[in-house]
Structures are given as C-alpha cells and as structure tokens.
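Participant: File name work06.txt; file contents compact mmCIF, C-alpha atoms and all ligand atoms; full text below.
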# COMPACT_ATOMS: atom_id res chain seq x y z
CA MET A 292 40.41 39.71 43.39
CA LYS A 293 39.70 36.09 42.42
CA PRO A 294 41.65 33.25 44.00
CA THR A 295 44.26 31.84 41.65
CA ALA A 296 45.12 28.22 40.94
CA PRO A 297 48.78 27.26 40.51
CA ASP A 298 50.11 28.33 37.06
CA TYR A 299 50.42 24.75 35.86
CA PHE A 300 46.66 24.21 36.25
CA TYR A 301 46.13 26.37 33.17
CA SER A 302 47.88 23.78 31.00
CA ILE A 303 45.51 20.95 32.01
CA PRO A 304 43.44 20.00 28.96
CA PRO A 305 39.72 19.40 29.53
CA TYR A 306 38.66 15.74 29.40
CA VAL A 307 36.55 15.12 26.26
CA PRO A 308 33.91 12.48 27.00
CA GLY A 309 31.81 10.60 24.41
CA LYS A 310 28.64 12.50 23.47
CA PRO A 311 25.72 11.45 25.72
CA LEU A 312 22.69 9.94 23.94
CA GLU A 313 20.25 12.39 25.53
CA GLU A 314 22.30 15.37 24.31
CA LEU A 315 22.36 14.05 20.73
CA GLU A 316 18.62 13.42 20.69
CA ARG A 317 17.88 16.89 22.12
CA GLU A 318 20.22 18.69 19.71
CA TYR A 319 19.30 16.80 16.54
CA GLY A 320 15.63 16.19 17.33
CA ILE A 321 15.96 12.44 16.81
CA THR A 322 15.05 9.37 18.85
CA ASP A 323 16.28 5.81 18.99
CA SER A 324 19.95 6.72 18.68
CA ILE A 325 22.78 4.37 19.65
CA LYS A 326 26.07 5.10 21.42
CA LEU A 327 29.19 3.20 20.44
CA ALA A 328 31.55 5.86 21.78
CA SER A 329 32.64 5.17 25.35
CA ASN A 330 33.68 1.50 25.42
CA GLU A 331 30.79 0.59 27.69
CA ASN A 332 29.25 -2.87 28.09
CA PRO A 333 26.47 -3.22 25.48
CA LEU A 334 24.53 -5.71 27.65
CA GLY A 335 24.05 -3.22 30.47
CA PRO A 336 25.08 -3.89 34.08
CA SER A 337 25.72 -7.34 35.57
CA PRO A 338 22.28 -8.58 36.80
CA LYS A 339 23.81 -9.91 40.03
CA ALA A 340 25.34 -6.47 40.64
CA MET A 341 21.97 -4.77 40.09
CA GLN A 342 20.32 -7.07 42.61
CA ALA A 343 23.05 -6.40 45.17
CA VAL A 344 22.84 -2.64 44.62
CA GLU A 345 19.08 -2.71 45.14
CA HIS A 346 19.56 -4.56 48.39
CA ALA A 347 22.40 -2.25 49.50
CA ILE A 348 20.41 0.96 49.20
CA THR A 349 18.53 0.22 52.42
CA ASN A 350 21.81 1.09 54.15
CA LEU A 351 22.37 4.44 52.48
CA HIS A 352 22.06 6.28 55.81
CA ARG A 353 25.31 4.59 56.93
CA TYR A 354 28.89 5.45 56.00
CA PRO A 355 30.51 2.71 53.97
CA ASP A 356 33.11 0.41 55.52
CA GLY A 357 36.30 1.84 54.04
CA ALA A 358 38.00 -1.54 54.23
CA ALA A 359 35.31 -3.07 51.93
CA PRO A 360 36.03 -6.55 53.39
CA GLU A 361 33.73 -8.65 51.18
CA LEU A 362 34.86 -7.02 47.95
CA MET A 363 38.54 -7.06 48.93
CA ALA A 364 38.37 -10.79 49.77
CA GLY A 365 36.77 -11.51 46.39
CA LEU A 366 39.34 -9.44 44.55
CA ALA A 367 42.34 -10.92 46.37
CA SER A 368 41.16 -14.40 45.50
CA LYS A 369 40.49 -13.48 41.85
CA MET A 370 43.76 -11.56 41.38
CA GLY A 371 45.87 -14.07 43.31
CA CYS A 372 47.26 -11.38 45.62
CA LYS A 373 46.97 -10.24 49.23
CA ILE A 374 44.21 -7.89 50.35
CA SER A 375 46.95 -5.53 51.52
CA GLN A 376 48.17 -5.22 47.91
CA ILE A 377 44.87 -3.81 46.61
CA VAL A 378 43.79 -0.17 46.54
CA LEU A 379 40.20 0.62 45.58
CA GLY A 380 39.34 3.75 43.65
CA ASN A 381 36.27 5.66 42.55
CA GLY A 382 36.96 4.25 39.11
CA SER A 383 40.53 3.35 38.16
CA ASP A 384 40.69 7.09 37.33
CA GLU A 385 41.03 7.75 41.03
CA VAL A 386 43.84 5.23 41.45
CA ILE A 387 45.71 6.99 38.61
CA ASP A 388 45.20 10.24 40.47
CA MET A 389 46.38 8.80 43.79
CA LEU A 390 49.52 7.41 42.12
CA ALA A 391 50.29 10.85 40.69
CA LYS A 392 49.70 12.53 44.07
CA VAL A 393 51.97 10.09 45.88
CA TYR A 394 54.83 9.81 43.40
CA LEU A 395 54.97 13.07 41.41
CA ASN A 396 56.39 16.34 42.66
CA ALA A 397 56.52 19.60 40.72
CA GLY A 398 59.19 19.26 38.01
CA ASP A 399 59.05 15.44 37.92
CA GLU A 400 58.18 13.55 34.75
CA ALA A 401 55.62 10.88 33.93
CA LEU A 402 56.25 8.93 30.76
CA MET A 403 53.34 7.78 28.59
CA THR A 404 52.41 7.13 24.98
CA GLU A 405 50.99 9.67 22.54
CA PRO A 406 48.05 9.27 22.35
CA SER A 407 47.09 7.77 25.68
CA PHE A 408 44.22 7.85 28.14
CA MET A 409 43.63 11.49 29.09
CA MET A 410 43.65 10.92 32.84
CA TYR A 411 47.40 10.17 32.84
CA THR A 412 48.03 13.67 31.50
CA ILE A 413 45.47 15.40 33.70
CA SER A 414 46.68 13.80 36.95
CA THR A 415 50.33 14.40 36.02
CA LEU A 416 49.87 18.07 35.17
CA ALA A 417 47.80 18.63 38.31
CA GLN A 418 50.93 17.82 40.33
CA GLY A 419 52.99 20.40 38.45
CA ALA A 420 54.83 17.51 36.81
CA LYS A 421 55.54 17.07 33.11
CA ALA A 422 53.76 14.56 30.85
CA VAL A 423 56.44 13.19 28.50
CA LYS A 424 54.72 11.61 25.52
CA ILE A 425 56.21 9.10 23.11
CA PRO A 426 54.25 8.46 19.90
CA LEU A 427 52.91 4.96 19.32
CA THR A 428 54.56 3.00 16.51
CA ARG A 429 52.88 2.95 13.10
CA ASP A 430 50.98 -0.19 14.11
CA PHE A 431 49.76 1.49 17.31
CA ARG A 432 52.06 -0.35 19.71
CA HIS A 433 54.13 1.12 22.56
CA ASP A 434 57.50 2.24 21.17
CA PHE A 435 59.50 0.71 24.01
CA GLU A 436 62.89 1.65 22.61
CA ALA A 437 61.94 5.30 22.39
CA MET A 438 60.28 5.13 25.82
CA ALA A 439 63.44 3.68 27.37
CA ARG A 440 65.51 6.47 25.77
CA ALA A 441 63.13 9.09 27.19
CA ILE A 442 63.69 8.03 30.83
CA THR A 443 65.54 10.70 32.83
CA PRO A 444 66.44 11.08 36.51
CA ARG A 445 63.16 13.03 36.86
CA THR A 446 61.01 10.15 35.58
CA LYS A 447 58.91 8.88 38.49
CA ILE A 448 56.00 7.08 36.80
CA ILE A 449 55.67 5.23 33.49
CA PHE A 450 52.09 4.72 32.31
CA LEU A 451 51.62 1.68 30.05
CA ASN A 452 48.24 0.60 28.75
CA SER A 453 47.34 -2.88 27.55
CA PRO A 454 45.07 -3.17 25.57
CA GLN A 455 45.95 0.33 24.56
CA ASN A 456 43.20 2.95 24.24
CA PRO A 457 42.53 3.87 21.44
CA GLY A 458 44.85 1.51 19.50
CA GLY A 459 43.53 -1.76 20.97
CA THR A 460 46.99 -3.42 20.98
CA THR A 461 48.34 -5.42 23.92
CA ILE A 462 51.86 -5.52 25.34
CA THR A 463 53.69 -8.83 24.91
CA GLN A 464 56.18 -10.44 27.26
CA GLU A 465 58.83 -10.03 24.57
CA GLU A 466 58.25 -6.29 24.59
CA PHE A 467 57.76 -5.79 28.31
CA GLU A 468 60.63 -7.68 29.94
CA PRO A 469 63.57 -6.11 28.05
CA PHE A 470 61.97 -2.72 28.69
CA LEU A 471 61.58 -3.36 32.41
CA GLU A 472 65.28 -4.22 32.61
CA LYS A 473 66.08 -0.70 31.41
CA VAL A 474 63.83 0.95 34.00
CA ASP A 475 65.34 2.01 37.31
CA PRO A 476 63.50 0.19 40.13
CA SER A 477 62.76 3.56 41.79
CA ILE A 478 60.29 4.30 38.98
CA VAL A 479 56.67 3.16 39.31
CA VAL A 480 55.55 1.19 36.25
CA VAL A 481 51.78 1.31 35.80
CA MET A 482 50.07 -1.32 33.64
CA ASP A 483 46.59 -0.01 32.96
CA GLU A 484 44.57 -3.10 32.03
CA ALA A 485 41.06 -1.63 31.86
CA TYR A 486 40.25 -3.86 28.85
CA ILE A 487 42.50 -6.89 29.47
CA GLU A 488 39.60 -9.30 29.96
CA PHE A 489 38.68 -8.92 26.27
CA ASN A 490 42.17 -9.93 25.13
CA ARG A 491 42.48 -13.04 22.93
CA ASP A 492 46.21 -12.79 22.26
CA PRO A 493 48.13 -15.45 24.24
CA GLN A 494 51.33 -13.38 23.96
CA ALA A 495 49.91 -10.53 26.07
CA VAL A 496 51.36 -10.02 29.56
CA THR A 497 49.62 -8.83 32.68
CA GLY A 498 51.29 -6.67 35.29
CA LEU A 499 50.01 -9.12 37.92
CA ASP A 500 52.82 -11.49 36.95
CA TYR A 501 55.34 -8.84 38.06
CA LEU A 502 53.72 -7.99 41.38
CA ASN A 503 56.58 -9.57 43.32
CA ALA A 504 59.38 -8.45 40.99
CA ASP A 505 62.10 -6.02 42.05
CA HIS A 506 60.29 -3.25 40.21
CA THR A 507 57.17 -1.55 41.48
CA VAL A 508 54.63 -2.70 38.92
CA VAL A 509 51.08 -1.45 39.53
CA THR A 510 48.24 -3.17 37.67
CA LEU A 511 45.03 -1.20 37.18
CA ARG A 512 41.69 -2.89 36.57
CA THR A 513 38.12 -1.63 36.44
CA PHE A 514 34.52 -2.74 36.89
CA SER A 515 33.45 -0.25 34.20
CA LYS A 516 33.92 -2.46 31.15
CA LEU A 517 33.58 -6.24 31.55
CA TYR A 518 31.11 -5.97 34.44
CA GLY A 519 29.10 -3.09 32.97
CA LEU A 520 29.39 -0.89 36.06
CA ALA A 521 30.84 2.35 34.63
CA GLY A 522 28.13 4.41 36.36
CA LEU A 523 28.88 2.91 39.77
CA ARG A 524 32.49 4.20 39.60
CA ILE A 525 34.74 1.49 40.91
CA GLY A 526 38.19 0.31 39.90
CA PHE A 527 41.32 -0.84 41.69
CA GLY A 528 45.07 -1.14 41.60
CA VAL A 529 47.15 -4.18 42.57
CA MET A 530 50.62 -3.18 43.78
CA PRO A 531 53.40 -4.02 46.23
CA GLU A 532 52.54 -3.24 49.83
CA HIS A 533 54.98 -0.34 50.10
CA ALA A 534 52.93 1.41 47.38
CA SER A 535 49.45 0.43 48.66
CA GLN A 536 50.41 1.76 52.08
CA MET A 537 51.39 5.12 50.58
CA LEU A 538 48.19 5.36 48.52
CA GLY A 539 46.28 4.34 51.65
CA ARG A 540 47.47 7.55 53.32
CA ILE A 541 45.64 9.76 50.86
CA ARG A 542 42.76 7.56 49.76
CA PRO A 543 39.53 9.25 50.87
CA PRO A 544 38.24 6.88 53.56
CA PHE A 545 34.77 6.50 52.03
CA ASN A 546 35.69 6.64 48.33
CA ILE A 547 33.80 3.46 47.48
CA ASN A 548 30.16 3.93 48.34
CA ILE A 549 27.90 1.19 49.74
CA PRO A 550 26.12 0.29 46.46
CA ALA A 551 29.45 0.22 44.60
CA GLN A 552 31.00 -2.17 47.12
CA ALA A 553 27.99 -4.48 47.02
CA GLY A 554 27.58 -4.31 43.25
CA ALA A 555 31.24 -4.97 42.52
CA ALA A 556 31.43 -7.90 44.95
CA ALA A 557 28.36 -9.48 43.32
CA ALA A 558 29.63 -8.80 39.79
CA LEU A 559 32.80 -10.79 40.53
CA GLU A 560 30.56 -13.83 41.04
CA ASP A 561 28.47 -13.22 37.93
CA THR A 562 30.20 -15.76 35.72
CA GLU A 563 27.18 -16.10 33.45
CA PHE A 564 27.18 -12.37 32.66
CA VAL A 565 30.94 -12.32 32.13
CA ALA A 566 30.70 -15.21 29.66
CA LYS A 567 27.82 -13.53 27.82
CA THR A 568 29.73 -10.24 27.64
CA LEU A 569 32.83 -11.89 26.20
CA GLN A 570 30.75 -13.82 23.68
CA THR A 571 28.87 -10.64 22.63
CA VAL A 572 32.02 -8.55 22.29
CA HIS A 573 34.05 -11.17 20.45
CA SER A 574 31.32 -12.12 18.00
CA GLY A 575 30.53 -8.42 17.48
CA LEU A 576 34.18 -7.66 16.76
CA ASP A 577 34.41 -10.52 14.28
CA TYR A 578 31.24 -9.40 12.52
CA LEU A 579 32.40 -5.77 12.30
CA TYR A 580 35.84 -6.76 11.02
CA HIS A 581 34.42 -8.78 8.19
CA ALA A 582 31.81 -6.17 7.29
CA LEU A 583 34.45 -3.43 7.18
CA GLN A 584 36.93 -5.57 5.30
CA ASP A 585 34.24 -6.10 2.65
CA MET A 586 34.12 -2.31 2.35
CA ASP A 587 37.90 -2.10 1.93
CA VAL A 588 38.18 0.02 5.06
CA THR A 589 41.38 -0.04 7.16
CA CYS A 590 40.31 -1.49 10.47
CA CYS A 591 43.08 -1.83 13.08
CA PRO A 592 43.43 -5.20 14.86
CA THR A 593 42.30 -4.97 18.47
CA GLN A 594 42.23 -6.92 21.73
CA ALA A 595 39.74 -4.58 23.40
CA ASN A 596 35.97 -4.00 23.12
CA PHE A 597 36.58 -1.20 20.60
CA PHE A 598 38.57 -0.66 17.44
CA MET A 599 39.94 2.14 15.33
CA ILE A 600 39.17 2.80 11.70
CA ASP A 601 41.53 4.78 9.52
CA LEU A 602 39.27 6.77 7.20
CA GLY A 603 42.13 8.26 5.21
CA ARG A 604 40.31 11.59 5.46
CA ASP A 605 39.16 14.04 8.12
CA ALA A 606 37.06 11.98 10.53
CA ARG A 607 35.02 14.91 11.82
CA GLU A 608 32.73 14.97 8.77
CA VAL A 609 32.04 11.24 9.06
CA TYR A 610 31.37 11.64 12.78
CA GLU A 611 28.87 14.48 12.16
CA ALA A 612 27.12 12.58 9.36
CA LEU A 613 26.76 9.51 11.60
CA LEU A 614 25.28 11.70 14.35
CA TYR A 615 22.50 12.73 11.96
CA LYS A 616 21.74 9.03 11.56
CA GLY A 617 21.59 8.61 15.33
CA VAL A 618 24.91 6.76 15.65
CA ILE A 619 27.47 8.13 18.12
CA ILE A 620 31.07 6.98 17.68
CA ARG A 621 34.28 8.71 18.77
CA PRO A 622 36.29 10.91 16.42
CA LEU A 623 39.91 10.73 17.56
CA GLY A 624 41.00 14.32 16.89
CA SER A 625 41.40 14.87 20.65
CA TYR A 626 43.82 11.88 20.64
CA GLY A 627 45.79 13.45 17.76
CA PHE A 628 44.39 11.09 15.10
CA ASP A 629 42.40 13.41 12.85
CA ASN A 630 41.66 10.68 10.29
CA HIS A 631 40.54 7.99 12.71
CA ILE A 632 37.35 7.06 14.50
CA ARG A 633 36.95 4.66 17.41
CA VAL A 634 33.93 2.39 17.55
CA THR A 635 32.82 0.38 20.59
CA VAL A 636 31.33 -3.04 19.90
CA GLY A 637 27.58 -2.98 20.54
CA LEU A 638 24.72 -5.47 20.46
CA PRO A 639 24.25 -7.30 17.13
CA HIS A 640 21.50 -4.91 15.95
CA GLU A 641 23.63 -1.90 16.93
CA ASN A 642 26.64 -3.25 15.05
CA GLU A 643 24.47 -3.84 11.99
CA ARG A 644 23.01 -0.35 12.27
CA PHE A 645 26.51 1.14 12.49
CA VAL A 646 27.64 -0.75 9.37
CA ARG A 647 24.55 0.34 7.45
CA ALA A 648 24.92 4.00 8.49
CA PHE A 649 28.67 3.97 7.88
CA LYS A 650 28.20 2.56 4.37
CA GLU A 651 25.63 5.25 3.56
CA VAL A 652 27.81 8.03 4.95
CA MET A 653 30.95 6.89 3.14
CA ALA A 654 29.04 6.52 -0.14
CA ALA A 655 27.62 10.02 0.16
CA LEU A 656 30.94 11.77 0.90
C1 LIG A 701 42.66 3.04 29.30
C2 LIG A 701 41.67 3.37 30.34
N1 LIG A 701 42.05 3.38 31.62
C3 LIG A 701 41.20 3.68 32.61
C4 LIG A 701 39.89 4.01 32.32
C5 LIG A 701 39.02 4.45 33.46
O1 LIG A 701 38.19 3.52 33.92
P1 LIG A 701 37.28 3.80 35.19
O2 LIG A 701 35.89 3.87 34.69
O3 LIG A 701 37.55 2.64 36.10
O4 LIG A 701 37.72 5.08 35.83
C6 LIG A 701 39.44 4.02 31.02
C7 LIG A 701 38.05 4.40 30.73
O5 LIG A 701 37.57 4.54 29.66
C8 LIG A 701 40.36 3.71 29.99
O6 LIG A 701 40.00 3.73 28.70
What is this structure when it is put down as structure tokens?

Facilitator:
Amino acid sequence: MKPTAPDYFYSIPPYVPGKPLEELEREYGITDSIKLASNENPLGPSPKAMQAVEHAITNLHRYPDGAAPELMAGLASKMGCKISQIVLGNGSDEVIDMLAKVYLNAGDEALMTEPSFMMYTISTLAQGAKAVKIPLTRDFRHDFEAMARAITPRTKIIFLNSPQNPGGTTITQEEFEPFLEKVDPSIVVVMDEAYIEFNRDPQAVTGLDYLNADHTVVTLRTFSKLYGLAGLRIGFGVMPEHASQMLGRIRPPFNINIPAQAGAAAALEDTEFVAKTLQTVHSGLDYLYHALQDMDVTCCPTQANFFMIDLGRDAREVYEALLYKGVIIRPLGSYGFDNHIRVTVGLPHENERFVRAFKEVMAAL
C-alpha cells in the first residue's frame, strides 16, 4: 500500500511556470528565442551581486550564518525597520508559506483576489485551509468592498498584492485605509509588493507605512525582480516582532544560502544597476504602450514590469503562434483570463521583436 497524503492535498493545483527558453527551442527546433513570460529583469543579474556571489563560493563548504547579519543590517536600513522585524525566505514564496504554516489551521480561511499569485492558494490549501477568492473589479483592482464582506470568523490571513499580478494595478491609500478599519486586528494582512519598486503612481501605499499600526501588516519584498536575482531565491517579509518571532520558530535555519546572502547584500548597494533597471523597464513600458495603442489593442495600465493585453479572443492561439516565432509570453488561462496575455518588459530589441511578431500573428489570425 502506498502512503497517503492528507485528502486536501489532492485539491492543490500545480504551479504553472512560464515556458523555459531551452524547452521552446528543443520542442520547436528554433534558436534565438526570447522570453517575456516570467517578469524577470531583462538586464540580467546585478553586477555587484554577481561579483559577491563569485567571492562567496569559496566558502561553500561552510553552513551559512542563519542570522545573515550583513544582509539584515542593509535591509533594516533600507526598509526603515528593525532587524528583528525582518524574516528572510528562499524567495518571498517561502515567506508566504511560513505565514500560512504559522497562521492557518485546517478549516481556516485565507482571503485573496481572483486571480492572484498561485502561491497564496498552494500554501493555503497545504494547511487544509480554504482559499476564499474575490474577483478583481473590471479594471483589475482589488474589490475591497466585496473582500470586506467576505471576512468571516475563520479568516486568518488576507493576501493583498500591489502591484497586482497579473493586473499590474497598485493599491491606493484611499482604498487601503477604509478596508483596514473593517479588518479585525487578529487577522494578518499581507501586502505582497514583489513589483513595488517599478511603481510610478504617487497614490500607491506600501505596507511598510503600517508596520507599527494596530493591525498585523506584513510587507513582502523580493530580490527576484528589481535586482535580477530570481535564480538565487531570496525574498523577505517585514512584520511586527510578534509575527517575525513566530515565523522564526519554523524558518529552516539555513534557508538563505551563502551566495544568496552575499549577492543580495551587494545588490542592495548596486544603485547604478537599480537606476538602469528602472530606466529600461519604464522606457520599455512606454514604448510598448504606444506601439500597442497604434494597433488599437486594449493594453491595461500597469505599475509593474509587465502588462496585460485583452485580445478579445482566445489567447491560446496567439500564444502558440508567438512561440513559433520564438517569442514566449504568458497566456493567462491558468489565471482565469482566457482572452488575455501577460507580457514582461524586455530589452529594447526584445520589445521591438515582440511588437513585430505580435503584429504578424494578429494580422494572420
Ligand atoms: C506577486 C508575486 N509575489 C511573489 C512572487 C515570488 O517571488 P520570489 O521569487 O521572491 O519567490 C512573485 C513571483 O513571480 C509574484 O509575482
């Protein structure tokens, strides 16, 4: 007889990642393809981080220092918080998972938008808890009124995401504060800000401003996007000490490896790379917007390094046709948007290649 997992494990949906470049080239027999599917940094990794990682590998025979003192000091100064309020994760994915482990019991509820980042659902269901999903509004914003109505005595975590993936919208102070007033302070409010550094909307709030509020507001950030370190796997949460202490009880002691600690600490200092990334993403977004507007395509406003396009038809065909041209984007069927694709901003030549391929595909359909 095979060992069995708890019943609720069978309802966990598999995570659908963006198609890897190597897989596309192998399957379609093409070369020189481009990937604009996983919201990665088009410039590659921060050069300062690469240098630090190279240096750090001479210590790979050692266990990492779980306290990650250099990185924690850099983060506390950058986030304007205490070291004791930060929890590091193997990607912010792992902080999401730790939050679910600490705060969700079987039968509890976690509230989130529909669609939302898959890891909220996966980590919630893995606890035997229920993922309660509230559709985004028509303009892809959080429907805070409906979310407030959906809170029950079983609600233990509320996952908010700003800028929202895949919608690209941010949460404003006007939206957030009246909502927070309706939330019982025993509920953990998570502000996932994986893309916040790309935001250009002055109305957007950050959870960091509510770190010392009566509510438990947890802000999630990552090194995967702005700093180009998705492959190193490092993210973090900023939260009140009562929460960081609880997460500290289950955090694997060596979850941030030596190269990741060194790379992340160096990336924080790489102001030149950060400025270049922001410039590349913002000018790329502006270029793509105009090019798509000229095509009369519905392109949703965004504050992230990606945007959604409403094709007004099944997106799968467009996705497949783009693959044949060596361009990988993300069809959003797995997010429940059958007619939408999500495109990550690339380098100028990649953006131009996408526009060219997209025009050809749309003309041929
Ligand atoms: C909204 C959102 N949150 C969190 C993450 C996870 O980031 P990390 O690479 O730090 O695990 C992603 C990654 O794509 C994301 O889109």

Participant: Please extract the residues at most 8 Å from ligand LIG 701 (chain A), counting all atoms listed in the file, and provide them as number ranges by chain, using the chain letters and residue numbers of this document.

Facilitator: A: 329-330, 380-385, 407-408, 410, 452-457, 483-486, 511-516, 521-522, 524-527

Participant: Write out as an NGL selection string the residues lying within 6 Å of A:Val618, counting all atoms listed in the file and excluding same-chain residues fewer than 5 positions away.

Facilitator: :A and (324-325 or 613)

Participant: Hey, could you make a per-residue contact list for stretch 399-445 of chain A against stretch 573-595 of chain A with 12 Å as the cut-off, showing the nearest pair of atoms and its distance in Å to one decimal, counting all atoms listed in the file, sorted by chain and number, as a tab-separated table?

Facilitator:
residue	atom	partner	partner_atom	distance
A:Arg429	CA	A:Cys591	CA	10.9
A:Asp430	CA	A:Cys591	CA	8.1
A:Phe431	CA	A:Cys591	CA	8.6
A:Arg432	CA	A:Thr593	CA	10.9

Participant: Expressed in Å to a single decimal, how great is the separation between atom CA of A:Pro444 and atom CA of A:Gly539?

Facilitator: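 Between atom CA of A:Pro444 and atom CA of A:Gly539 the gap works out to 26.1 Å.
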
Participant: To one decimal in Å, tell me the separation between atom CA of A:Asp434 and atom CA of A:Thr635.

Facilitator: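 Distance reported for this atom pair: 24.8 Å.
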
Participant: Give me the residues within 12 Å of A:His640 as a ChimeraX atom specification, counting only C-alpha atoms and dropping any in the same chain fewer than 2 places off.

Facilitator: /A:325,333,571,575,578-579,636-638,642-647

Participant: Could you check how far atom CA of A:Asn396 sits from atom CA of A:Leu499, in Å to one decimal?

Facilitator: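 Going from atom CA of A:Asn396 over to atom CA of A:Leu499 covers 26.7 Å.
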
Participant: Between A:Pro639, A:Gly528, A:Gly458, A:Gly371, which is the closest to A:Val481 once you count all atoms listed in the file?

Facilitator: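 Among the listed residues, the smallest separation from A:Val481 belongs to A:Gly528.
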
Participant: Write out as JSON, numbers by chain each polymer residue whose atoms come within 9 Å of A:Gly309, counting all atoms listed in the file; drop sequence neighbours fewer than 2 positions from it.

Facilitator: {"A": [307, 311, 326, 327, 328, 329, 619, 620, 621]}

Participant: Nearest to A:Gly498 among A:Leu312, A:Ile448, A:Leu614, A:Met370, with distances taken over all atoms listed in the file: which residue is it?

Facilitator: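 Closest to A:Gly498 of all the choices is A:Met370.
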
Participant: Could you check which of A:Ala296, A:Val393, A:Leu520, A:Met438 is closest to A:Phe470, using all atoms listed in the file?

Facilitator: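 Checking each candidate against A:Phe470, we get A:Met438 as the closest.
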
Participant: Mind checking which residues fall within 12 Å of A:Ile449, counting only C-alpha atoms, ignoring those fewer than 6 positions away in the same chain, and posting them as a VMD selection string?

Facilitator: chain A and resid 387 390 to 391 394 to 395 399 to 404 407 411 to 412 415 421 to 425 433 435 438 to 439 441 to 443 470 to 471 474 to 483 506 to 510

Participant: What lies within 10 Å of A:Val652 using only C-alpha atoms, ignoring chain neighbours under 5 positions off, as a ChimeraX atom specification?

Facilitator: /A:608-613,615-616,646-647

Participant: Go through A:Arg491, A:Lys650, A:Lys369, A:Arg607 and flag the residue nearest A:Pro622, using only C-alpha atoms for the distances.

Facilitator: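 Selected residue with least distance to A:Pro622: A:Arg607.
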
Participant: Take the point (55.9, -7.0, 28.4) as written in the file and pick out every residue within 10 Å of it, counting only C-alpha atoms; give the list as JSON, numbers by chain.

Facilitator: {"A": [435, 451, 453, 461, 462, 463, 464, 465, 466, 467, 468, 469, 470, 471, 482, 494, 495, 496, 497, 498, 501]}

Participant: Go ahead and dump the residues you just picked, C-alpha atoms, as an mmCIF file, in the coordinates of the input.

Facilitator:
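out-v5.cif, freshly written:
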data_model
loop_
_atom_site.group_PDB
_atom_site.id
_atom_site.type_symbol
_atom_site.label_atom_id
_atom_site.label_comp_id
_atom_site.auth_asym_id
_atom_site.auth_seq_id
_atom_site.Cartn_x
_atom_site.Cartn_y
_atom_site.Cartn_z
ATOM 1 C CA PHE A 435 59.500 0.710 24.010
ATOM 2 C CA LEU A 451 51.620 1.680 30.050
ATOM 3 C CA SER A 453 47.340 -2.880 27.550
ATOM 4 C CA THR A 461 48.340 -5.420 23.920
ATOM 5 C CA ILE A 462 51.860 -5.520 25.340
ATOM 6 C CA THR A 463 53.690 -8.830 24.910
ATOM 7 C CA GLN A 464 56.180 -10.440 27.260
ATOM 8 C CA GLU A 465 58.830 -10.030 24.570
ATOM 9 C CA GLU A 466 58.250 -6.290 24.590
ATOM 10 C CA PHE A 467 57.760 -5.790 28.310
ATOM 11 C CA GLU A 468 60.630 -7.680 29.940
ATOM 12 C CA PRO A 469 63.570 -6.110 28.050
ATOM 13 C CA PHE A 470 61.970 -2.720 28.690
ATOM 14 C CA LEU A 471 61.580 -3.360 32.410
ATOM 15 C CA MET A 482 50.070 -1.320 33.640
ATOM 16 C CA GLN A 494 51.330 -13.380 23.960
ATOM 17 C CA ALA A 495 49.910 -10.530 26.070
ATOM 18 C CA VAL A 496 51.360 -10.020 29.560
ATOM 19 C CA THR A 497 49.620 -8.830 32.680
ATOM 20 C CA GLY A 498 51.290 -6.670 35.290
ATOM 21 C CA TYR A 501 55.340 -8.840 38.060
#

Participant: Taking into account all atoms listed in the file, which residue in the set A:Thr460, A:Ala437, A:Gly519, A:Met292 is nearest to A:Asp492?

Facilitator: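 Once distances to A:Asp492 are computed over all atoms listed in the file, the minimum belongs to A:Thr460.
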